[in-house]
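Heads up, target-v4.txt below (compact mmCIF, C-alpha atoms and all ligand atoms):
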```
# COMPACT_ATOMS: atom_id res chain seq x y z
CA PHE A 1372 -0.85 20.66 4.05
CA SER A 1373 -2.98 23.14 2.11
CA GLN A 1374 -1.27 22.39 -1.22
CA LEU A 1375 -2.36 18.77 -1.35
CA ILE A 1376 -5.67 17.47 -2.72
CA LYS A 1377 -8.32 17.48 0.03
CA ARG A 1378 -9.18 14.11 1.63
CA THR A 1379 -11.95 13.24 4.09
CA PHE A 1380 -12.61 10.20 6.31
CA SER A 1381 -15.83 8.14 6.44
CA THR A 1382 -16.90 6.23 9.52
CA VAL A 1383 -17.76 2.58 8.97
CA SER A 1384 -20.57 1.27 11.18
CA HIS A 1385 -19.42 -1.38 13.63
CA ASP A 1386 -20.48 -2.87 16.96
CA PRO A 1387 -18.60 -0.92 19.71
CA HIS A 1388 -19.06 -3.87 22.12
CA SER A 1389 -17.19 -6.27 19.86
CA ILE A 1390 -13.91 -4.30 19.80
CA GLU A 1391 -11.15 -3.52 22.25
CA GLY A 1392 -8.10 -1.31 22.66
CA ASN A 1393 -7.20 1.69 20.53
CA PRO A 1394 -7.57 1.79 16.74
CA ILE A 1395 -4.54 1.07 14.58
CA ARG A 1396 -4.34 3.37 11.57
CA VAL A 1397 -2.74 1.80 8.49
CA LEU A 1398 -1.74 3.69 5.33
CA GLN A 1399 -1.26 1.87 2.01
CA TRP A 1400 0.36 3.73 -0.89
CA ASN A 1401 2.19 3.20 -4.16
CA VAL A 1402 4.27 6.38 -3.87
CA LEU A 1403 5.49 6.31 -7.53
CA SER A 1404 9.17 5.66 -7.96
CA GLN A 1405 11.18 8.80 -8.69
CA ALA A 1406 13.11 7.16 -11.54
CA LEU A 1407 10.03 5.65 -13.22
CA GLY A 1408 7.79 8.68 -12.67
CA GLN A 1409 10.28 11.12 -14.15
CA ASN A 1410 11.66 8.99 -16.99
CA ASN A 1411 9.41 6.05 -17.81
CA ASP A 1412 5.74 6.69 -17.11
CA LYS A 1413 5.06 9.35 -19.79
CA PHE A 1414 2.94 11.54 -17.51
CA ASP A 1415 2.68 14.11 -20.32
CA SER A 1416 -0.11 16.18 -18.78
CA CYS A 1417 1.85 16.65 -15.55
CA PRO A 1418 4.13 19.71 -15.31
CA LEU A 1419 7.81 18.69 -15.19
CA GLU A 1420 8.40 20.64 -11.97
CA ALA A 1421 5.75 18.54 -10.20
CA LEU A 1422 7.90 15.47 -10.93
CA GLU A 1423 11.11 16.97 -9.53
CA TRP A 1424 12.34 15.05 -6.49
CA LYS A 1425 12.76 18.20 -4.37
CA ARG A 1426 9.04 18.94 -4.65
CA ARG A 1427 7.78 15.36 -4.70
CA ARG A 1428 9.60 14.31 -1.56
CA CYS A 1429 7.91 17.06 0.45
CA HIS A 1430 4.48 16.18 -0.90
CA MET A 1431 5.14 12.48 -0.29
CA LEU A 1432 5.94 13.13 3.37
CA GLU A 1433 2.98 15.50 3.72
CA GLU A 1434 0.57 12.93 2.30
CA ILE A 1435 1.84 10.32 4.76
CA LEU A 1436 2.10 12.48 7.86
CA ARG A 1437 -1.15 14.43 7.46
CA HIS A 1438 -3.01 11.16 8.15
CA ASN A 1439 -0.83 10.26 11.17
CA PRO A 1440 -0.73 6.48 10.46
CA ASP A 1441 0.58 3.94 12.98
CA ILE A 1442 1.76 1.66 10.16
CA ILE A 1443 2.78 2.67 6.62
CA CYS A 1444 2.94 0.21 3.68
CA LEU A 1445 4.61 1.61 0.57
CA GLN A 1446 5.42 0.36 -2.92
CA GLU A 1447 7.72 1.71 -5.69
CA VAL A 1448 10.05 3.10 -3.01
CA ASP A 1449 13.38 4.07 -4.62
CA HIS A 1450 14.37 6.60 -1.93
CA PHE A 1451 14.12 4.45 1.19
CA ASP A 1452 17.05 6.19 2.90
CA PHE A 1453 15.39 9.58 2.58
CA LEU A 1454 12.02 8.30 3.81
CA SER A 1455 13.69 6.39 6.61
CA ARG A 1456 15.60 9.44 7.84
CA ALA A 1457 12.61 11.76 7.56
CA LEU A 1458 10.14 9.38 9.18
CA ALA A 1459 12.59 8.53 11.99
CA THR A 1460 12.14 12.11 13.24
CA GLN A 1461 8.45 11.25 13.73
CA SER A 1462 9.19 8.00 15.67
CA TYR A 1463 8.86 5.58 12.75
CA SER A 1464 11.14 2.60 12.11
CA GLY A 1465 11.16 1.11 8.63
CA LEU A 1466 12.21 -1.94 6.64
CA PHE A 1467 12.71 -2.26 2.90
CA VAL A 1468 12.88 -5.08 0.38
CA PRO A 1469 14.03 -4.28 -3.20
CA LYS A 1470 12.69 -5.96 -6.34
CA PRO A 1471 15.28 -8.46 -7.67
CA ASP A 1472 15.52 -6.77 -11.11
CA SER A 1473 13.94 -3.34 -10.64
CA PRO A 1474 13.26 -1.41 -13.87
CA CYS A 1475 14.60 1.67 -12.04
CA VAL A 1476 18.23 0.56 -12.25
CA TYR A 1477 18.11 0.73 -16.08
CA ILE A 1478 17.23 4.42 -15.91
CA LYS A 1479 19.91 7.11 -16.09
CA ASP A 1480 20.62 8.82 -12.76
CA ASN A 1481 18.55 6.27 -10.85
CA ASN A 1482 18.69 6.01 -7.08
CA GLY A 1483 18.85 2.22 -6.95
CA PRO A 1484 16.12 -0.42 -7.19
CA ASP A 1485 12.53 0.23 -6.15
CA GLY A 1486 10.78 -2.03 -3.71
CA CYS A 1487 8.31 -2.40 -0.86
CA ALA A 1488 8.70 -0.76 2.55
CA ILE A 1489 6.87 -0.91 5.87
CA PHE A 1490 7.22 1.73 8.59
CA TYR A 1491 5.70 1.48 12.08
CA LYS A 1492 5.58 3.80 15.09
CA ASN A 1493 8.33 2.49 17.35
CA ASN A 1494 6.73 4.02 20.45
CA LYS A 1495 3.60 1.99 19.77
CA PHE A 1496 4.95 -1.36 18.52
CA ASP A 1497 7.81 -3.78 19.11
CA LEU A 1498 9.08 -5.69 16.08
CA LEU A 1499 8.89 -9.46 16.72
CA ASP A 1500 9.63 -10.84 13.26
CA LYS A 1501 10.55 -9.72 9.73
CA GLN A 1502 10.24 -11.93 6.65
CA GLU A 1503 10.64 -11.19 2.95
CA LYS A 1504 9.90 -13.25 -0.12
CA ILE A 1505 10.34 -13.18 -3.87
CA LEU A 1506 6.94 -14.29 -5.11
CA GLN A 1507 6.86 -17.41 -7.24
CA VAL A 1508 4.79 -18.22 -10.31
CA TRP A 1509 4.47 -21.96 -10.89
CA THR A 1510 7.51 -22.44 -8.56
CA VAL A 1511 9.67 -20.01 -10.56
CA HIS A 1512 10.84 -16.70 -9.02
CA SER A 1513 9.12 -13.60 -10.40
CA ASN A 1514 10.30 -9.99 -10.15
CA GLN A 1515 7.77 -9.17 -7.41
CA VAL A 1516 8.33 -9.25 -3.65
CA SER A 1517 6.51 -9.21 -0.36
CA LEU A 1518 7.59 -7.90 3.04
CA LEU A 1519 5.98 -9.09 6.28
CA LEU A 1520 6.36 -7.85 9.86
CA VAL A 1521 4.98 -9.23 13.09
CA LEU A 1522 4.38 -6.34 15.47
CA LYS A 1523 3.40 -6.33 19.13
CA ASP A 1524 1.20 -3.52 20.41
CA LYS A 1525 3.11 -2.21 23.45
CA CYS A 1526 -0.11 -1.15 25.17
CA THR A 1527 -2.31 -4.24 24.73
CA GLU A 1528 0.51 -6.76 24.07
CA LYS A 1529 -1.56 -8.01 21.14
CA GLU A 1530 0.32 -9.19 18.07
CA LEU A 1531 -0.42 -8.14 14.51
CA CYS A 1532 0.91 -9.37 11.18
CA ILE A 1533 1.33 -6.67 8.54
CA SER A 1534 2.43 -7.38 5.00
CA THR A 1535 2.83 -5.55 1.72
CA THR A 1536 3.37 -6.39 -1.94
CA HIS A 1537 3.42 -4.90 -5.45
CA LEU A 1538 2.18 -7.43 -8.01
CA LYS A 1539 3.18 -7.60 -11.69
CA ALA A 1540 1.85 -4.67 -13.73
CA ARG A 1541 0.20 -4.41 -17.15
CA LYS A 1542 -2.91 -5.76 -18.87
CA GLY A 1543 -3.61 -9.09 -20.54
CA ALA A 1544 -5.00 -12.55 -19.82
CA LEU A 1545 -1.58 -14.10 -19.21
CA LEU A 1546 -0.58 -11.30 -16.83
CA SER A 1547 -3.86 -11.65 -14.97
CA THR A 1548 -3.12 -15.39 -14.53
CA LEU A 1549 0.40 -14.54 -13.41
CA ARG A 1550 -0.92 -12.11 -10.78
CA ASN A 1551 -3.29 -14.79 -9.54
CA GLU A 1552 -0.38 -17.20 -9.09
CA GLN A 1553 1.56 -14.48 -7.25
CA GLY A 1554 -1.50 -13.98 -5.01
CA LYS A 1555 -1.61 -17.70 -4.17
CA ASP A 1556 2.09 -17.72 -3.29
CA LEU A 1557 1.64 -14.53 -1.25
CA LEU A 1558 -1.17 -16.14 0.80
CA GLU A 1559 0.91 -19.24 1.45
CA PHE A 1560 3.84 -17.09 2.59
CA ILE A 1561 1.70 -14.91 4.84
CA SER A 1562 -0.33 -17.71 6.43
CA SER A 1563 2.86 -19.59 7.30
CA HIS A 1564 4.20 -16.59 9.27
CA ALA A 1565 0.99 -14.92 10.49
CA LEU A 1566 -0.23 -18.16 12.11
CA ASP A 1567 -3.33 -17.25 14.09
CA ARG A 1568 -2.55 -13.53 14.41
CA PRO A 1569 -4.78 -10.67 13.17
CA THR A 1570 -3.38 -9.89 9.72
CA ILE A 1571 -3.44 -6.98 7.26
CA ILE A 1572 -2.16 -7.32 3.69
CA CYS A 1573 -1.71 -4.03 1.84
CA GLY A 1574 -0.56 -3.52 -1.69
CA ASP A 1575 -0.70 -2.44 -5.28
CA PHE A 1576 -2.15 -5.64 -6.74
CA ASN A 1577 -2.32 -4.17 -10.25
CA ALA A 1578 -5.70 -5.95 -10.60
CA GLU A 1579 -9.28 -4.68 -10.73
CA PRO A 1580 -11.77 -6.41 -8.38
CA THR A 1581 -12.96 -8.47 -11.39
CA GLU A 1582 -9.55 -10.17 -11.75
CA PRO A 1583 -9.03 -13.69 -10.36
CA VAL A 1584 -6.41 -12.56 -7.82
CA TYR A 1585 -8.99 -10.39 -6.00
CA ASN A 1586 -11.23 -13.42 -5.52
CA THR A 1587 -8.21 -15.52 -4.52
CA MET A 1588 -7.37 -13.01 -1.79
CA CYS A 1589 -10.95 -12.99 -0.47
CA SER A 1590 -11.51 -16.77 -0.46
CA CYS A 1591 -8.49 -18.22 1.31
CA PRO A 1592 -9.57 -20.91 3.83
CA ALA A 1593 -6.36 -20.52 5.89
CA LEU A 1594 -6.71 -16.73 6.05
CA PRO A 1595 -10.33 -15.42 5.92
CA LEU A 1596 -9.82 -11.97 4.39
CA ASP A 1597 -12.04 -9.07 3.43
CA SER A 1598 -11.12 -5.83 1.67
CA ALA A 1599 -11.23 -2.83 4.04
CA TYR A 1600 -12.62 -0.38 1.48
CA LYS A 1601 -15.36 -2.82 0.38
CA VAL A 1602 -16.72 -2.83 3.93
CA SER A 1603 -18.09 0.68 3.29
CA GLY A 1604 -20.31 -0.76 0.48
CA SER A 1605 -18.16 -1.34 -2.56
CA GLU A 1606 -14.59 -0.82 -3.69
CA PRO A 1607 -13.93 2.82 -4.66
CA PRO A 1608 -14.35 3.80 -8.36
CA PHE A 1609 -10.57 4.35 -8.55
CA THR A 1610 -7.38 4.18 -6.53
CA SER A 1611 -5.20 5.35 -9.45
CA TRP A 1612 -6.12 7.97 -12.06
CA LYS A 1613 -3.54 9.08 -14.60
CA ILE A 1614 -2.99 10.28 -18.18
CA ARG A 1615 -0.14 8.65 -20.09
CA GLY A 1616 1.29 9.60 -23.49
CA GLY A 1617 0.12 7.04 -26.05
CA GLU A 1618 -2.22 5.31 -23.61
CA GLY A 1619 -4.47 8.22 -22.61
CA GLU A 1620 -6.56 8.36 -19.46
CA VAL A 1621 -6.45 5.37 -17.09
CA MET A 1622 -8.78 5.14 -14.09
CA GLN A 1623 -8.39 1.94 -12.05
CA THR A 1624 -9.11 0.33 -8.69
CA ILE A 1625 -5.99 -1.78 -8.09
CA ASP A 1626 -4.78 -0.98 -4.56
CA TYR A 1627 -6.22 -2.79 -1.53
CA MET A 1628 -6.00 -3.44 2.18
CA PHE A 1629 -7.09 -6.99 2.98
CA TYR A 1630 -7.62 -7.93 6.64
CA THR A 1631 -8.66 -10.97 8.66
CA LYS A 1632 -12.35 -10.26 9.23
CA HIS A 1633 -12.78 -12.58 12.24
CA LYS A 1634 -9.94 -10.84 14.11
CA LEU A 1635 -10.21 -7.16 13.09
CA THR A 1636 -12.91 -4.54 12.52
CA VAL A 1637 -12.70 -1.51 10.22
CA SER A 1638 -13.97 1.66 11.90
CA SER A 1639 -13.10 4.30 9.28
CA ILE A 1640 -11.58 4.76 5.87
CA LEU A 1641 -10.07 7.70 3.99
CA ASN A 1642 -12.26 8.49 0.97
CA MET A 1643 -10.83 8.86 -2.50
CA PRO A 1644 -10.71 12.56 -3.48
CA LEU A 1645 -13.49 14.19 -5.52
CA GLU A 1646 -12.97 14.47 -9.28
CA LYS A 1647 -13.19 18.29 -9.11
CA ASP A 1648 -10.41 18.36 -6.50
CA ILE A 1649 -8.19 16.00 -8.53
CA GLY A 1650 -8.38 18.26 -11.62
CA ASP A 1651 -8.54 17.57 -15.36
CA ASN A 1652 -4.89 16.51 -15.66
CA ARG A 1653 -5.42 13.82 -12.99
CA VAL A 1654 -2.33 12.72 -11.00
CA PRO A 1655 0.56 13.08 -10.44
CA SER A 1656 0.17 16.85 -10.36
CA MET A 1657 1.36 19.94 -8.51
CA SER A 1658 -1.06 18.97 -5.73
CA TYR A 1659 -0.41 15.20 -5.53
CA PRO A 1660 2.92 13.35 -5.91
CA SER A 1661 1.80 9.90 -7.17
CA ASP A 1662 -0.50 8.38 -9.80
CA HIS A 1663 -1.95 6.22 -7.00
CA PHE A 1664 -3.92 7.64 -4.07
CA SER A 1665 -3.17 6.52 -0.53
CA LEU A 1666 -5.64 4.24 1.26
CA VAL A 1667 -6.00 4.74 5.01
CA SER A 1668 -8.07 2.63 7.37
CA ASP A 1669 -8.55 2.39 11.13
CA PHE A 1670 -8.66 -1.17 12.49
CA TYR A 1671 -9.71 -2.39 15.93
CA PHE A 1672 -8.89 -5.78 17.41
CA LYS A 1673 -12.07 -7.81 17.78
CA LYS A 1674 -12.74 -9.08 21.29
CA THR A 1675 -11.96 -12.75 21.50
CA SER A 1676 -14.38 -15.10 23.28
CA ASN A 1677 -12.04 -15.73 26.23
CA ASP A 1678 -11.42 -12.01 26.87
CA SER A 1679 -12.88 -10.82 30.17
CA GLU A 1680 -15.63 -8.19 29.84
P1 LIG B 1 6.17 -4.56 -14.13
O1 LIG B 1 5.44 -4.91 -15.39
O2 LIG B 1 5.60 -5.10 -12.88
O3 LIG B 1 6.21 -2.98 -14.06
C1 LIG B 1 7.28 -2.27 -13.50
C2 LIG B 1 6.85 -0.87 -13.25
O4 LIG B 1 6.35 -0.25 -14.43
C3 LIG B 1 5.76 -0.81 -12.22
O5 LIG B 1 6.21 -0.04 -11.18
C4 LIG B 1 4.57 -0.24 -12.94
O6 LIG B 1 3.82 0.66 -12.16
C5 LIG B 1 5.17 0.48 -14.12
N1 LIG B 1 4.27 0.51 -15.28
C6 LIG B 1 3.14 -0.20 -15.51
N2 LIG B 1 2.58 0.12 -16.68
C7 LIG B 1 3.36 1.05 -17.22
C8 LIG B 1 3.30 1.79 -18.44
N3 LIG B 1 2.31 1.61 -19.31
N4 LIG B 1 4.28 2.68 -18.67
C9 LIG B 1 5.27 2.87 -17.79
N5 LIG B 1 5.38 2.20 -16.62
C10 LIG B 1 4.45 1.30 -16.35
O7 LIG B 1 7.69 -4.92 -14.33
P2 LIG B 1 8.67 -5.98 -13.68
O8 LIG B 1 8.89 -5.76 -12.27
O9 LIG B 1 8.23 -7.32 -14.12
O10 LIG B 1 10.03 -5.58 -14.32
C11 LIG B 1 10.15 -5.27 -15.63
C12 LIG B 1 11.30 -6.00 -16.24
O11 LIG B 1 11.70 -5.23 -17.33
C13 LIG B 1 12.49 -6.16 -15.34
O12 LIG B 1 12.77 -7.53 -15.20
C14 LIG B 1 13.66 -5.46 -16.02
O13 LIG B 1 14.76 -6.31 -16.21
C15 LIG B 1 13.11 -5.14 -17.35
N6 LIG B 1 13.46 -3.82 -17.74
C16 LIG B 1 14.55 -3.65 -18.52
C17 LIG B 1 14.93 -2.43 -18.93
C18 LIG B 1 16.16 -2.26 -19.76
O14 LIG B 1 16.47 -1.17 -20.12
N7 LIG B 1 16.84 -3.32 -20.03
C19 LIG B 1 14.13 -1.25 -18.60
C20 LIG B 1 12.99 -1.53 -17.77
C21 LIG B 1 12.69 -2.78 -17.38
P3 LIG B 1 2.35 0.30 -11.53
O15 LIG B 1 2.48 -0.94 -10.74
O16 LIG B 1 2.07 1.51 -10.74
O17 LIG B 1 1.43 0.12 -12.70
CA CA B 2 3.89 2.87 -11.21
```

If you convert what's in this file into structure tokens, what do you get?
Amino acid sequence: FSQLIKRTFSTVSHDPHSIEGNPIRVLQWNVLSQALGQNNDKFDSCPLEALEWKRRRCHMLEEILRHNPDIICLQEVDHFDFLSRALATQSYSGLFVPKPDSPCVYIKDNNGPDGCAIFYKNNKFDLLDKQEKILQVWTVHSNQVSLLLVLKDKCTEKELCISTTHLKARKGALLSTLRNEQGKDLLEFISSHALDRPTIICGDFNAEPTEPVYNTMCSCPALPLDSAYKVSGSEPPFTSWKIRGGEGEVMQTIDYMFYTKHKLTVSSILNMPLEKDIGDNRVPSMSYPSDHFSLVSDFYFKKTSNDSE
């Protein structure tokens, strides 16, 4: 994996007596759709060969597999069949939900709609339930989706709800309100299927921590959530760092892993890369295949009060 930008893990302090079982490693990543990245995003400072599918697909797999996640939540997936076949060789099963009107399908030589995908290690988990939803804004369907799986840890028999989404992109007060409405609908959807289970919600929320949707996610009475990366002190300075023609340099924190804080504990997180390792042209680049960096976190189940010591 020497070609990829270096990444290091940080340990998050936690009470070892309050946890049980083995950690579950979750990876969250907007992989950058091949059709959009090559033909729509205007990544002018990125060499064309870095955007070629033959190169990108290898780097995409390397970035996922070098962290050895138990569960993988991806957005902007427009090559699910490839990922599914490749990850199956490493004991992953995956599910995919396309966006209803993906911008990818309007691009010449596209590979179908982009959407959200979740993969899990099938030697570690059994799939108990799968739900998908088109997110609503004021009761009207939007173009954004969510995918939710209920998994059972084969070893501990504990159940976990894992969900992913990719909220509406772009800046502006109206769009920020729209994302907040999508967040509310997402929480309603997830709480109705997660019930009392430990829950992790990963995604590209397209919103800085100052946007209303971030607060909405962290103040849901039915689902008490915290952001995994914030547990280390504060959200990272960026999760996406790109240069676009016309727009210039964009550095944003918009990707998150929310988790039920009374049921799960974060024990480590994958740090964002150093600026010097990212390089002046930012990403995507010859050493990283997406404009978003992956987030990886290790979660432990918290001991429940009726567990025997
Ligand atoms: P979003 O606004 O959510 O964005 C769609 C994608 O564009 C995201 O993956 C996003 O990436 C990316 N994006 C965000 N900002 C930029 C930017 N400045 N430049 C390039 N790409 C960007 O779109 P919707 O899902 O709401 O869909 C868009 C709608 O537009 C669809 O309904 C479709 O019908 C329509 N459309 C029509 C086309 C046509 O030719 N008729 C062409 C394209 C779209 P990220 O989340 O990483 O920021
Ligand atoms: Ca994108």

In terms of the shortest atom-to-atom distance over only C-alpha atoms and all ligand atoms, which of A:Trp1424, A:Trp1509, A:Tyr1477, A:Phe1380 is closest to ligand LIG 1 (chain B)?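 Looking only at the distances to ligand LIG 1 (chain B), the closest residue turns out to be A:Tyr1477.
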
Interatomic distance (Å, one decimal) between atom CA of Val1397 of chain A and atom CA of Asp1441 of chain A: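 These atoms are spaced 6.0 Å apart.
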
Neighbours of Glu1528 of chain A within 12 Å (all atoms listed in the file; same-chain residues fewer than 5 positions away dropped), as a PyMOL selection string? chain A and resi 1392-1393+1495-1499+1522-1523+1672

Which residues come within 9 Å of His1564 of chain A, counting all atoms listed in the file, excluding same-chain residues fewer than 5 positions away, as a ChimeraX atom specification? /A:1500,1502,1519,1521,1532,1559

Between A:Cys1573, A:Ala1457, A:Val1621, A:Cys1429, which has the minimum distance to ligand LIG 1 (chain B) (counting all atoms listed in the file)?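 Going through A:Cys1573, A:Ala1457, A:Val1621, A:Cys1429 one by one, the smallest distance to ligand LIG 1 (chain B) is for A:Val1621.
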
Closest-contact table, chain A side, partner ligand CA 2 (chain B), 8 Å, counting all atoms listed in the file, as a Markdown table:
```
| residue | atom | partner | partner_atom | distance |
| --- | --- | --- | --- | --- |
| A:Asn1401 | CA | B:CA2 | CA | 7.3 |
| A:Leu1403 | CA | B:CA2 | CA | 5.3 |
| A:Ser1404 | CA | B:CA2 | CA | 6.8 |
| A:Leu1407 | CA | B:CA2 | CA | 7.0 |
| A:Gly1408 | CA | B:CA2 | CA | 7.1 |
| A:Asp1412 | CA | B:CA2 | CA | 7.3 |
| A:Glu1447 | CA | B:CA2 | CA | 6.8 |
| A:Asp1662 | CA | B:CA2 | CA | 7.2 |
| A:His1663 | CA | B:CA2 | CA | 7.9 |
```

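Taking atom CA of Pro1580 of chain A as the reference point, atom C15 of ligand LIG 1 (chain B) is found at 26.5 Å.
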
Give me, as JSON lines, each residue of chain A that comes within 6 Å of ligand LIG 1 (chain B), together with its shortest interatomic pair and the distance in Å at one decimal, counting all atoms listed in the file, with rows ordered by chain and rising residue number.
```
{"residue": "A:Asn1411", "atom": "CA", "partner": "B:LIG1", "partner_atom": "C9", "distance": 5.2}
{"residue": "A:Asp1412", "atom": "CA", "partner": "B:LIG1", "partner_atom": "C9", "distance": 3.9}
{"residue": "A:Glu1447", "atom": "CA", "partner": "B:LIG1", "partner_atom": "O5", "distance": 6.0}
{"residue": "A:Asp1472", "atom": "CA", "partner": "B:LIG1", "partner_atom": "O12", "distance": 5.0}
{"residue": "A:Ser1473", "atom": "CA", "partner": "B:LIG1", "partner_atom": "C13", "distance": 5.7}
{"residue": "A:Pro1474", "atom": "CA", "partner": "B:LIG1", "partner_atom": "C21", "distance": 3.8}
{"residue": "A:Tyr1477", "atom": "CA", "partner": "B:LIG1", "partner_atom": "O14", "distance": 4.8}
{"residue": "A:Asn1514", "atom": "CA", "partner": "B:LIG1", "partner_atom": "O8", "distance": 4.9}
{"residue": "A:Lys1539", "atom": "CA", "partner": "B:LIG1", "partner_atom": "O2", "distance": 3.7}
{"residue": "A:Ala1540", "atom": "CA", "partner": "B:LIG1", "partner_atom": "O2", "distance": 3.9}
{"residue": "A:Arg1541", "atom": "CA", "partner": "B:LIG1", "partner_atom": "N2", "distance": 5.1}
{"residue": "A:Asn1577", "atom": "CA", "partner": "B:LIG1", "partner_atom": "O15", "distance": 5.8}
```

Between atom CA of Gln1507 of chain A and atom CA of Ser1563 of chain A, what is the distance, to one decimal in Å?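 Value for the atom CA of Gln1507 of chain A-atom CA of Ser1563 of chain A distance: 15.2 Å.
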
Counting all atoms listed in the file, which of A:Leu1546, A:Ile1443, A:Val1402, A:Ile1533 gets nearest to Ser1513 of chain A? A:Leu1546

Top pick for closest residue to Ser1603 of chain A, considering A:Ser1639, A:Ser1534, A:Thr1631, A:Gln1623 and counting all atoms listed in the file: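 Ranking A:Ser1639, A:Ser1534, A:Thr1631, A:Gln1623 by distance to Ser1603 of chain A, first place goes to A:Ser1639.
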
Using only C-alpha atoms for the distances, tell me which of A:Thr1587, A:Ser1517, A:Thr1636, A:Thr1570 is nearest to Ser1547 of chain A. A:Thr1587

All residues 9 Å or closer to Gln1399 of chain A, all atoms listed in the file, same chain fewer than 2 positions away omitted, as a list in words: Val1397, Asn1401, Ile1442, Ile1443, Cys1444, Leu1445, Gln1446, Thr1535, Cys1573, Gly1574, Asp1575, Asp1626, Tyr1627, Met1628, Phe1664, Ser1665, Leu1666, Val1667 and Ser1668 of chain A

Compile the contact shell of Gly1619 of chain A as a VMD selection string: residues with an atom at most 12 Å away, counting only C-alpha atoms, same-chain residues fewer than 5 positions apart removed. chain A and resid 1412 to 1416 1612 to 1614 1652 to 1653

For a cutoff of 9 Å around the file-coordinate point (-4.0, -13.1, 2.2), which residues qualify once you count all atoms listed in the file? I'd like the result as a PDB file with C-alpha atoms, keeping the file's coordinate frame.
```pdb
ATOM      1  CA  GLY A1554      -1.500 -13.980  -5.010  1.00  0.00           C
ATOM      2  CA  LYS A1555      -1.610 -17.700  -4.170  1.00  0.00           C
ATOM      3  CA  LEU A1557       1.640 -14.530  -1.250  1.00  0.00           C
ATOM      4  CA  LEU A1558      -1.170 -16.140   0.800  1.00  0.00           C
ATOM      5  CA  GLU A1559       0.910 -19.240   1.450  1.00  0.00           C
ATOM      6  CA  PHE A1560       3.840 -17.090   2.590  1.00  0.00           C
ATOM      7  CA  ILE A1561       1.700 -14.910   4.840  1.00  0.00           C
ATOM      8  CA  SER A1562      -0.330 -17.710   6.430  1.00  0.00           C
ATOM      9  CA  THR A1570      -3.380  -9.890   9.720  1.00  0.00           C
ATOM     10  CA  ILE A1571      -3.440  -6.980   7.260  1.00  0.00           C
ATOM     11  CA  ILE A1572      -2.160  -7.320   3.690  1.00  0.00           C
ATOM     12  CA  THR A1587      -8.210 -15.520  -4.520  1.00  0.00           C
ATOM     13  CA  MET A1588      -7.370 -13.010  -1.790  1.00  0.00           C
ATOM     14  CA  CYS A1589     -10.950 -12.990  -0.470  1.00  0.00           C
ATOM     15  CA  SER A1590     -11.510 -16.770  -0.460  1.00  0.00           C
ATOM     16  CA  CYS A1591      -8.490 -18.220   1.310  1.00  0.00           C
ATOM     17  CA  ALA A1593      -6.360 -20.520   5.890  1.00  0.00           C
ATOM     18  CA  LEU A1594      -6.710 -16.730   6.050  1.00  0.00           C
ATOM     19  CA  PRO A1595     -10.330 -15.420   5.920  1.00  0.00           C
ATOM     20  CA  LEU A1596      -9.820 -11.970   4.390  1.00  0.00           C
ATOM     21  CA  PHE A1629      -7.090  -6.990   2.980  1.00  0.00           C
ATOM     22  CA  TYR A1630      -7.620  -7.930   6.640  1.00  0.00           C
ATOM     23  CA  THR A1631      -8.660 -10.970   8.660  1.00  0.00           C
TER      24      THR A1631
END
```
